[in-house]
$ cat my_file10.cif   # mmCIF, C-alpha atoms
data_start
#
loop_
_atom_site.label_atom_id
_atom_site.label_comp_id
_atom_site.auth_asym_id
_atom_site.auth_seq_id
_atom_site.Cartn_x
_atom_site.Cartn_y
_atom_site.Cartn_z
CA MET A 1 23.52 -0.73 -0.50
CA LYS A 2 19.88 -1.15 0.49
CA LYS A 3 17.82 -2.95 -2.13
CA LYS A 4 14.93 -1.19 -3.86
CA ARG A 5 11.61 -2.88 -3.16
CA LEU A 6 8.69 -4.05 -5.28
CA ILE A 7 5.44 -4.05 -3.30
CA PRO A 8 2.04 -5.32 -4.48
CA ILE A 9 -0.98 -3.64 -2.89
CA VAL A 10 -4.18 -5.58 -2.30
CA LEU A 11 -7.33 -3.52 -1.83
CA LEU A 12 -10.11 -4.90 0.35
CA ARG A 13 -13.69 -3.68 0.21
CA ASN A 14 -16.43 -5.40 2.19
CA GLY A 15 -14.17 -8.43 2.48
CA TRP A 16 -13.41 -8.77 -1.23
CA ILE A 17 -10.31 -7.93 -3.24
CA VAL A 18 -11.21 -5.10 -5.62
CA GLN A 19 -9.71 -3.16 -8.50
CA SER A 20 -9.84 0.59 -8.00
CA VAL A 21 -10.04 3.45 -10.50
CA SER A 22 -9.65 7.02 -9.20
CA PHE A 23 -10.85 5.93 -5.74
CA LYS A 24 -14.46 5.75 -6.93
CA GLU A 25 -14.93 2.77 -9.25
CA TYR A 26 -14.46 -0.74 -7.89
CA LYS A 27 -14.43 -4.10 -9.62
CA ASN A 28 -14.69 -7.26 -7.54
CA LEU A 29 -11.70 -9.58 -8.10
CA GLY A 30 -12.35 -12.32 -5.56
CA ASN A 31 -11.30 -13.87 -2.27
CA PRO A 32 -8.73 -11.91 -0.19
CA VAL A 33 -6.56 -14.91 0.71
CA PHE A 34 -6.17 -16.73 -2.61
CA SER A 35 -3.81 -14.20 -4.21
CA VAL A 36 -1.36 -14.10 -1.31
CA LYS A 37 0.29 -17.45 -1.95
CA ARG A 38 1.08 -16.65 -5.57
CA LEU A 39 2.38 -13.17 -4.70
CA SER A 40 4.72 -14.85 -2.21
CA GLU A 41 5.83 -17.42 -4.77
CA TRP A 42 6.49 -14.67 -7.32
CA CYS A 43 9.07 -13.03 -5.01
CA SER A 44 7.31 -9.87 -3.83
CA ASP A 45 9.46 -7.98 -1.34
CA GLU A 46 6.51 -6.97 0.83
CA LEU A 47 2.73 -6.91 0.65
CA ILE A 48 0.39 -4.09 1.62
CA TYR A 49 -3.28 -4.81 2.31
CA LEU A 50 -5.48 -1.71 2.48
CA ASP A 51 -9.02 -2.11 3.78
CA ILE A 52 -11.10 0.55 2.03
CA THR A 53 -14.43 -0.69 3.40
CA GLN A 54 -16.67 2.26 4.21
CA ASP A 55 -17.48 2.92 7.86
CA GLY A 56 -20.40 0.79 9.03
CA ALA A 57 -20.28 -1.68 6.14
CA LYS A 58 -20.09 -5.39 6.96
CA TYR A 59 -17.86 -8.11 5.57
CA ASP A 60 -19.81 -10.81 3.76
CA MET A 61 -18.13 -13.19 1.32
CA ARG A 62 -21.50 -14.74 0.48
CA ARG A 63 -19.98 -18.09 -0.42
CA ASP A 64 -21.37 -20.43 2.22
CA ASP A 65 -22.86 -22.41 -0.67
CA ILE A 66 -19.43 -23.83 -1.57
CA HIS A 67 -18.13 -23.97 2.01
CA MET A 68 -15.69 -21.11 1.44
CA MET A 69 -14.57 -19.40 4.65
CA ASN A 70 -16.75 -16.33 5.21
CA HIS A 71 -14.46 -13.74 6.80
CA SER A 72 -16.38 -11.44 9.11
CA SER A 73 -13.52 -9.16 10.17
CA ILE A 74 -10.15 -7.80 9.13
CA SER A 75 -8.53 -9.87 11.91
CA GLU A 76 -9.73 -13.12 10.34
CA ILE A 77 -8.36 -12.04 6.97
CA ILE A 78 -4.99 -11.06 8.47
CA GLU A 79 -4.69 -14.41 10.26
CA ASN A 80 -5.36 -16.35 7.06
CA VAL A 81 -3.17 -14.12 4.92
CA SER A 82 -0.22 -14.31 7.31
CA ASN A 83 -0.40 -18.11 7.23
CA SER A 84 0.08 -18.05 3.45
CA ALA A 85 2.66 -15.28 3.11
CA PHE A 86 6.42 -15.46 3.54
CA MET A 87 7.16 -11.76 3.24
CA PRO A 88 6.53 -8.71 5.45
CA LEU A 89 2.86 -7.78 5.64
CA CYS A 90 1.43 -4.31 6.19
CA PHE A 91 -2.28 -3.78 6.88
CA GLY A 92 -4.09 -0.46 6.78
CA GLY A 93 -7.64 0.75 7.13
CA GLY A 94 -9.88 1.40 10.11
CA ILE A 95 -7.01 2.09 12.52
CA ARG A 96 -8.08 4.66 15.09
CA ASN A 97 -6.31 3.74 18.32
CA ILE A 98 -3.51 1.71 19.87
CA ALA A 99 -5.81 -1.28 20.38
CA ASP A 100 -6.48 -1.44 16.62
CA ILE A 101 -2.75 -1.66 15.96
CA GLU A 102 -2.26 -4.30 18.62
CA GLU A 103 -5.06 -6.38 17.12
CA ARG A 104 -3.53 -6.30 13.64
CA LEU A 105 -0.04 -7.13 14.87
CA ARG A 106 -1.39 -9.91 17.04
CA SER A 107 -3.24 -11.33 14.04
CA GLY A 108 -0.05 -11.54 11.99
CA ALA A 109 0.77 -8.14 10.48
CA ASP A 110 4.35 -6.86 10.58
CA LYS A 111 3.43 -3.22 9.96
CA VAL A 112 0.34 -1.03 9.87
CA SER A 113 -0.60 1.84 7.61
CA VAL A 114 -2.42 4.92 8.89
CA ASN A 115 -4.12 7.50 6.70
CA ARG A 116 -6.82 9.76 8.14
CA ALA A 117 -5.18 9.66 11.56
CA LEU A 118 -2.21 11.55 10.09
CA TYR A 119 -4.27 14.74 10.03
CA LYS A 120 -7.24 13.85 12.26
CA ASP A 121 -5.22 12.60 15.25
CA PRO A 122 -1.49 13.24 14.80
CA GLU A 123 -0.80 12.76 18.53
CA PHE A 124 -2.07 9.18 18.23
CA VAL A 125 0.30 8.56 15.31
CA LYS A 126 3.19 9.99 17.30
CA GLN A 127 2.30 7.76 20.25
CA ALA A 128 2.04 4.70 17.98
CA ALA A 129 5.47 5.33 16.48
CA LYS A 130 6.98 5.56 19.95
CA GLU A 131 5.19 2.50 21.30
CA PHE A 132 5.64 0.12 18.35
CA GLY A 133 8.69 1.67 16.67
CA SER A 134 8.94 3.82 13.57
CA GLN A 135 9.54 0.78 11.36
CA CYS A 136 6.07 -0.49 12.24
CA ILE A 137 4.10 2.57 11.11
CA ILE A 138 3.61 3.59 7.46
CA GLY A 139 1.96 6.90 6.69
CA SER A 140 -0.38 6.52 3.71
CA VAL A 141 -0.70 9.91 1.99
CA ASP A 142 -3.21 10.29 -0.85
CA TYR A 143 -3.16 13.47 -2.90
CA VAL A 144 -4.71 15.26 -5.85
CA GLY A 145 -3.28 17.97 -8.07
CA GLU A 146 0.21 18.48 -9.37
CA GLY A 147 3.37 20.32 -8.49
CA GLU A 148 3.77 22.50 -5.44
CA ASN A 149 0.02 23.14 -5.21
CA ALA A 150 -1.00 19.48 -4.75
CA LYS A 151 -3.36 18.85 -1.83
CA VAL A 152 -3.84 15.96 0.56
CA PHE A 153 -6.98 13.95 -0.27
CA ASN A 154 -9.55 12.92 2.34
CA VAL A 155 -10.72 9.40 1.47
CA GLN A 156 -13.75 9.62 3.78
CA THR A 157 -15.22 12.77 2.19
CA ARG A 158 -13.71 11.95 -1.23
CA SER A 159 -12.48 15.49 -1.57
CA ALA A 160 -9.28 17.49 -1.35
CA THR A 161 -8.33 19.03 1.98
CA ASP A 162 -6.68 22.42 2.44
CA LEU A 163 -3.42 20.68 3.39
CA ASN A 164 -0.49 21.32 1.08
CA LEU A 165 1.08 17.99 0.14
CA ILE A 166 4.70 19.11 0.48
CA ASP A 167 4.21 20.68 3.91
CA PHE A 168 2.14 17.71 5.04
CA CYS A 169 4.75 15.10 4.11
CA LYS A 170 7.33 16.97 6.16
CA HIS A 171 4.86 17.11 9.05
CA VAL A 172 4.19 13.37 8.73
CA GLU A 173 7.91 12.64 8.93
CA ASP A 174 8.11 14.71 12.12
CA LEU A 175 5.47 12.46 13.72
CA GLY A 176 8.09 9.69 13.82
CA ILE A 177 6.69 7.24 11.27
CA GLY A 178 9.03 4.97 9.30
CA GLU A 179 7.83 5.35 5.69
CA ILE A 180 5.46 7.29 3.46
CA LEU A 181 3.20 5.56 0.95
CA LEU A 182 2.64 8.34 -1.59
CA ASN A 183 -0.39 7.77 -3.80
CA SER A 184 -1.76 9.91 -6.62
CA VAL A 185 -5.57 9.63 -6.56
CA GLU A 186 -5.97 11.03 -10.06
CA ARG A 187 -3.65 8.40 -11.55
CA ASP A 188 -5.17 5.48 -9.64
CA GLY A 189 -6.06 2.66 -12.03
CA LEU A 190 -5.44 4.67 -15.21
CA LYS A 191 -2.17 2.92 -16.19
CA THR A 192 -0.66 6.20 -17.43
CA GLY A 193 2.47 6.09 -15.29
CA PHE A 194 3.59 7.48 -11.96
CA ASP A 195 3.71 11.16 -11.00
CA ILE A 196 7.50 11.26 -11.34
CA GLU A 197 7.88 14.96 -10.56
CA GLN A 198 6.01 14.71 -7.27
CA ILE A 199 7.65 11.45 -6.21
CA ASP A 200 11.07 12.94 -6.84
CA ARG A 201 10.19 16.11 -4.91
CA ILE A 202 8.89 14.28 -1.84
CA SER A 203 11.59 11.60 -1.78
CA LYS A 204 14.24 14.34 -1.77
CA LEU A 205 12.39 16.37 0.87
CA VAL A 206 12.03 13.72 3.58
CA ARG A 207 14.68 11.53 5.19
CA ILE A 208 12.46 8.47 5.53
CA PRO A 209 11.73 5.97 2.72
CA VAL A 210 9.07 6.86 0.17
CA ILE A 211 6.94 4.18 -1.52
CA ALA A 212 5.64 5.44 -4.88
CA CYS A 213 2.11 4.45 -5.90
CA GLY A 214 -0.55 5.37 -8.42
CA GLY A 215 -0.66 4.90 -12.20
CA CYS A 216 1.42 1.81 -12.99
CA GLY A 217 0.49 0.34 -16.37
CA ASN A 218 3.62 -1.59 -17.34
CA TRP A 219 7.01 -2.65 -16.05
CA GLU A 220 8.78 0.33 -17.58
CA HIS A 221 6.71 2.63 -15.38
CA LEU A 222 8.27 0.89 -12.38
CA ALA A 223 11.76 1.34 -13.82
CA GLU A 224 11.08 5.03 -14.46
CA VAL A 225 10.54 5.62 -10.74
CA PHE A 226 13.95 4.15 -9.92
CA ASN A 227 15.63 5.92 -12.85
CA LYS A 228 14.29 9.38 -12.10
CA THR A 229 13.55 9.58 -8.37
CA ASP A 230 15.03 8.70 -4.99
CA ALA A 231 12.03 6.57 -4.00
CA ASP A 232 12.94 3.47 -2.00
CA ALA A 233 10.11 1.32 -3.36
CA VAL A 234 7.42 1.13 -6.01
CA ALA A 235 3.95 -0.21 -5.28
CA ALA A 236 0.96 -1.07 -7.44
CA ALA A 237 -2.37 -2.83 -7.09
CA ASN A 238 -4.32 -3.56 -10.26
CA ILE A 239 -1.48 -4.68 -12.51
CA PHE A 240 -0.38 -7.38 -10.07
CA GLN A 241 -3.86 -8.88 -10.00
CA HIS A 242 -4.20 -9.23 -13.78
CA VAL A 243 -0.80 -10.40 -15.05
CA ASP A 244 0.32 -14.00 -14.56
CA GLN A 245 3.58 -14.27 -12.57
CA SER A 246 3.37 -10.51 -12.32
CA THR A 247 5.77 -9.60 -9.56
CA TYR A 248 8.35 -12.08 -10.84
CA LEU A 249 8.21 -10.59 -14.35
CA ALA A 250 8.29 -7.05 -12.99
CA LYS A 251 11.34 -7.77 -10.86
CA GLU A 252 13.04 -9.60 -13.72
CA HIS A 253 12.57 -6.51 -15.89
CA LEU A 254 14.05 -4.27 -13.20
CA PHE A 255 16.92 -6.66 -12.47
CA GLN A 256 17.89 -6.98 -16.13
CA GLN A 257 17.98 -3.20 -16.40
CA GLY A 258 20.53 -3.11 -13.60
CA HIS A 259 18.35 -1.74 -10.83
CA ASN A 260 19.34 -2.57 -7.27
CA VAL A 261 16.54 -5.07 -6.61
CA ARG A 262 16.75 -8.60 -5.24
CA LYS A 263 17.39 -11.20 -7.92
CA PRO A 264 14.06 -12.70 -9.04
CA ASP A 265 13.54 -16.33 -8.16
CA PHE A 266 10.40 -18.36 -7.64
CA VAL A 267 9.83 -19.33 -4.02
CA GLU A 268 8.69 -22.83 -3.14
CA LEU A 269 6.02 -22.65 -0.42
#

$ encode --input "my_file10.cif" --output "structure tokens"
Amino acid sequence: MKKKRLIPIVLLRNGWIVQSVSFKEYKNLGNPVFSVKRLSEWCSDELIYLDITQDGAKYDMRRDDIHMMNHSSISEIIENVSNSAFMPLCFGGGIRNIADIEERLRSGADKVSVNRALYKDPEFVKQAAKEFGSQCIIGSVDYVGEGENAKVFNVQTRSATDLNLIDFCKHVEDLGIGEILLNSVERDGLKTGFDIEQIDRISKLVRIPVIACGGCGNWEHLAEVFNKTDADAVAAANIFQHVDQSTYLAKEHLFQQGHNVRKPDFVEL
């Protein structure tokens, strides 16, 4: 039986790791490479990096004073991250064409995540899935609202679209992608728990794996997803940046409860 996965998400904004709340409040947490080694050591199954830098903004680590590497592009970050990580890496953000995907894969990514392209340029997504394989393309779907009336959220305009979430997820599957990263905007960073009803609905609707995201505040929230939905994986960002040995402790909690996850064990790198 396929193992359930535990996936930390690292958010990048202007070259920094940030904590996000409701997609509108950001707290700087530090250098984008430093956290990767410990997440690898703490037995994460995969790692998703999402670049949420606004269009036109520049990367600037502003640490030349202590001779810290000043990453000027996502490619430089991917290269350095991939050298420190011994787990599959997915990178999303700023992907608009086939060349963008090639650049990220060439730099060390195993997968890429697309978001706006899912509704702005679905033919590109379909082409990417055919050219690189479904397993290489994750569809990142952000949404607001609850139940059957939930709407897809446009990160660029920071507003809801007219797209019904349920219909859209089925459409995204038909594009040929390999997985859906389902993220509740309104639960982001609030630590109130996942949107179990919606996760269960979508994971039963589509035939491809669903990664649940948005609202994790403790390890029991992770277990609740596996107990009450058919999601293949749970993902979280903020909690894994603030708790020592976080992914190890989270997986230990899930393993001891009898969930079908890989046995936790520290990895020597």

$ residues_around --input "my_file10.cif" --residues "Pro122 (chain A)" --least-positions-apart "6" --cutoff "10 Å" --atoms "only C-alpha atoms" --output "number ranges by chain"
A: 116, 128, 171-172, 175

$ closest_residue --input "my_file10.cif" --among "A:Ser84, A:Asn238, A:Ser246, A:Gln156" --to "Gly189 (chain A)" --atoms "all atoms listed in the file"
A:Asn238

$ resolve_selection --input "my_file10.cif" --expression "the PyMOL selection byres ((chain A and resi 229) around 9)" --output "PyMOL selection string"
chain A and resi 196-197+199-201+203-204+224-228+230-232

$ closest_residue --input "my_file10.cif" --among "A:Val185, A:Ile101, A:Pro8, A:Lys2" --to "Ile239 (chain A)" --atoms "only C-alpha atoms"
A:Pro8

$ atom_distance --input "my_file10.cif" --atom1 "CA of Asn149 (chain A)" --atom2 "CA of Ala235 (chain A)"
23.7 Å

$ resolve_selection --input "my_file10.cif" --expression "the PyMOL selection byres ((chain A and resi 111) around 8)" --output "PDB file with C-alpha atoms, in the coordinates of the input"
ATOM      1  CA  PRO A  88       6.530  -8.710   5.450  1.00  0.00           C
ATOM      2  CA  LEU A  89       2.860  -7.780   5.640  1.00  0.00           C
ATOM      3  CA  CYS A  90       1.430  -4.310   6.190  1.00  0.00           C
ATOM      4  CA  PHE A  91      -2.280  -3.780   6.880  1.00  0.00           C
ATOM      5  CA  LEU A 105      -0.040  -7.130  14.870  1.00  0.00           C
ATOM      6  CA  ALA A 109       0.770  -8.140  10.480  1.00  0.00           C
ATOM      7  CA  ASP A 110       4.350  -6.860  10.580  1.00  0.00           C
ATOM      8  CA  VAL A 112       0.340  -1.030   9.870  1.00  0.00           C
ATOM      9  CA  SER A 113      -0.600   1.840   7.610  1.00  0.00           C
ATOM     10  CA  GLN A 135       9.540   0.780  11.360  1.00  0.00           C
ATOM     11  CA  CYS A 136       6.070  -0.490  12.240  1.00  0.00           C
ATOM     12  CA  ILE A 137       4.100   2.570  11.110  1.00  0.00           C
ATOM     13  CA  ILE A 138       3.610   3.590   7.460  1.00  0.00           C
TER      14      ILE A 138
END

$ residues_around --input "my_file10.cif" --residues "Ala223 (chain A)" --least-positions-apart "4" --cutoff "8 Å" --atoms "all atoms listed in the file" --output "ChimeraX atom specification"
/A:219,227,254,259

$ residues_around --input "my_file10.cif" --residues "Ser159 (chain A)" --least-positions-apart "2" --cutoff "12 Å" --atoms "only C-alpha atoms" --output "compact mmCIF listing (two decimals) with C-alpha atoms, in the coordinates of the input"
# COMPACT_ATOMS: atom_id res chain seq x y z
CA SER A 22 -9.65 7.02 -9.20
CA PHE A 23 -10.85 5.93 -5.74
CA LYS A 24 -14.46 5.75 -6.93
CA ASP A 142 -3.21 10.29 -0.85
CA TYR A 143 -3.16 13.47 -2.90
CA VAL A 144 -4.71 15.26 -5.85
CA GLY A 145 -3.28 17.97 -8.07
CA LYS A 151 -3.36 18.85 -1.83
CA VAL A 152 -3.84 15.96 0.56
CA PHE A 153 -6.98 13.95 -0.27
CA ASN A 154 -9.55 12.92 2.34
CA VAL A 155 -10.72 9.40 1.47
CA GLN A 156 -13.75 9.62 3.78
CA THR A 157 -15.22 12.77 2.19
CA THR A 161 -8.33 19.03 1.98
CA ASP A 162 -6.68 22.42 2.44
CA LEU A 163 -3.42 20.68 3.39
CA VAL A 185 -5.57 9.63 -6.56
CA GLU A 186 -5.97 11.03 -10.06

$ atom_distance --input "my_file10.cif" --atom1 "CA of Val234 (chain A)" --atom2 "CA of Leu39 (chain A)"
15.2 Å

$ atom_distance --input "my_file10.cif" --atom1 "CA of Leu165 (chain A)" --atom2 "CA of Asp195 (chain A)"
13.3 Å

$ resolve_selection --input "my_file10.cif" --expression "the PyMOL selection byres ((chain A and resi 6) around 8)" --output "list in words"
Lys4, Arg5, Ile7, Pro8, Ser44, Asp45, Glu46, Ala233, Val234, Ala235, Thr247 and Lys251 of chain A

$ closest_residue --input "my_file10.cif" --among "A:Val206, A:Val141, A:Leu222, A:Ala99" --to "Ala117 (chain A)" --atoms "all atoms listed in the file"
A:Val141

$ closest_residue --input "my_file10.cif" --among "A:Pro264, A:Gly215, A:Gly258, A:Gly108" --to "Val81 (chain A)" --atoms "all atoms listed in the file"
A:Gly108

$ build_atoms --input "my_file10.cif" --residues "region 87-109 of chain A" --atoms "N, CA and C atoms" --output "compact mmCIF listing (two decimals), keeping the file's coordinate frame"
# COMPACT_ATOMS: atom_id res chain seq x y z
N MET A 87 6.60 -13.08 3.50
CA MET A 87 7.16 -11.76 3.24
C MET A 87 6.53 -10.81 4.24
N PRO A 88 7.13 -9.66 4.51
CA PRO A 88 6.53 -8.71 5.45
C PRO A 88 5.16 -8.26 4.99
N LEU A 89 4.23 -8.17 5.94
CA LEU A 89 2.86 -7.78 5.64
C LEU A 89 2.51 -6.48 6.35
N CYS A 90 1.94 -5.56 5.60
CA CYS A 90 1.43 -4.31 6.19
C CYS A 90 -0.08 -4.27 5.96
N PHE A 91 -0.83 -3.91 7.00
CA PHE A 91 -2.28 -3.78 6.88
C PHE A 91 -2.72 -2.38 7.30
N GLY A 92 -3.56 -1.79 6.48
CA GLY A 92 -4.09 -0.46 6.78
C GLY A 92 -5.59 -0.42 6.61
N GLY A 93 -6.20 0.58 7.22
CA GLY A 93 -7.64 0.75 7.13
C GLY A 93 -8.32 0.55 8.46
N GLY A 94 -9.10 1.52 8.87
CA GLY A 94 -9.88 1.40 10.11
C GLY A 94 -9.07 1.49 11.38
N ILE A 95 -7.85 2.00 11.32
CA ILE A 95 -7.01 2.09 12.52
C ILE A 95 -7.22 3.45 13.18
N ARG A 96 -7.75 3.41 14.39
CA ARG A 96 -8.08 4.66 15.09
C ARG A 96 -7.43 4.78 16.46
N ASN A 97 -6.89 3.68 16.97
CA ASN A 97 -6.31 3.74 18.32
C ASN A 97 -5.25 2.65 18.46
N ILE A 98 -4.59 2.66 19.61
CA ILE A 98 -3.51 1.71 19.87
C ILE A 98 -4.03 0.27 19.85
N ALA A 99 -5.24 0.06 20.35
CA ALA A 99 -5.81 -1.28 20.38
C ALA A 99 -5.99 -1.85 18.97
N ASP A 100 -6.34 -1.00 18.01
CA ASP A 100 -6.48 -1.44 16.62
C ASP A 100 -5.15 -1.93 16.08
N ILE A 101 -4.08 -1.24 16.41
CA ILE A 101 -2.75 -1.66 15.96
C ILE A 101 -2.36 -2.97 16.62
N GLU A 102 -2.58 -3.06 17.90
CA GLU A 102 -2.26 -4.30 18.62
C GLU A 102 -2.99 -5.49 18.04
N GLU A 103 -4.26 -5.29 17.69
CA GLU A 103 -5.06 -6.38 17.12
C GLU A 103 -4.48 -6.86 15.80
N ARG A 104 -4.06 -5.93 14.94
CA ARG A 104 -3.53 -6.30 13.64
C ARG A 104 -2.16 -6.98 13.76
N LEU A 105 -1.34 -6.50 14.66
CA LEU A 105 -0.04 -7.13 14.87
C LEU A 105 -0.20 -8.51 15.49
N ARG A 106 -1.12 -8.61 16.41
CA ARG A 106 -1.39 -9.91 17.04
C ARG A 106 -1.93 -10.91 16.03
N SER A 107 -2.66 -10.44 15.05
CA SER A 107 -3.24 -11.33 14.04
C SER A 107 -2.24 -11.77 12.99
N GLY A 108 -1.08 -11.10 12.92
CA GLY A 108 -0.05 -11.54 11.99
C GLY A 108 0.60 -10.47 11.14
N ALA A 109 0.16 -9.22 11.26
CA ALA A 109 0.77 -8.14 10.48
C ALA A 109 2.14 -7.79 11.04
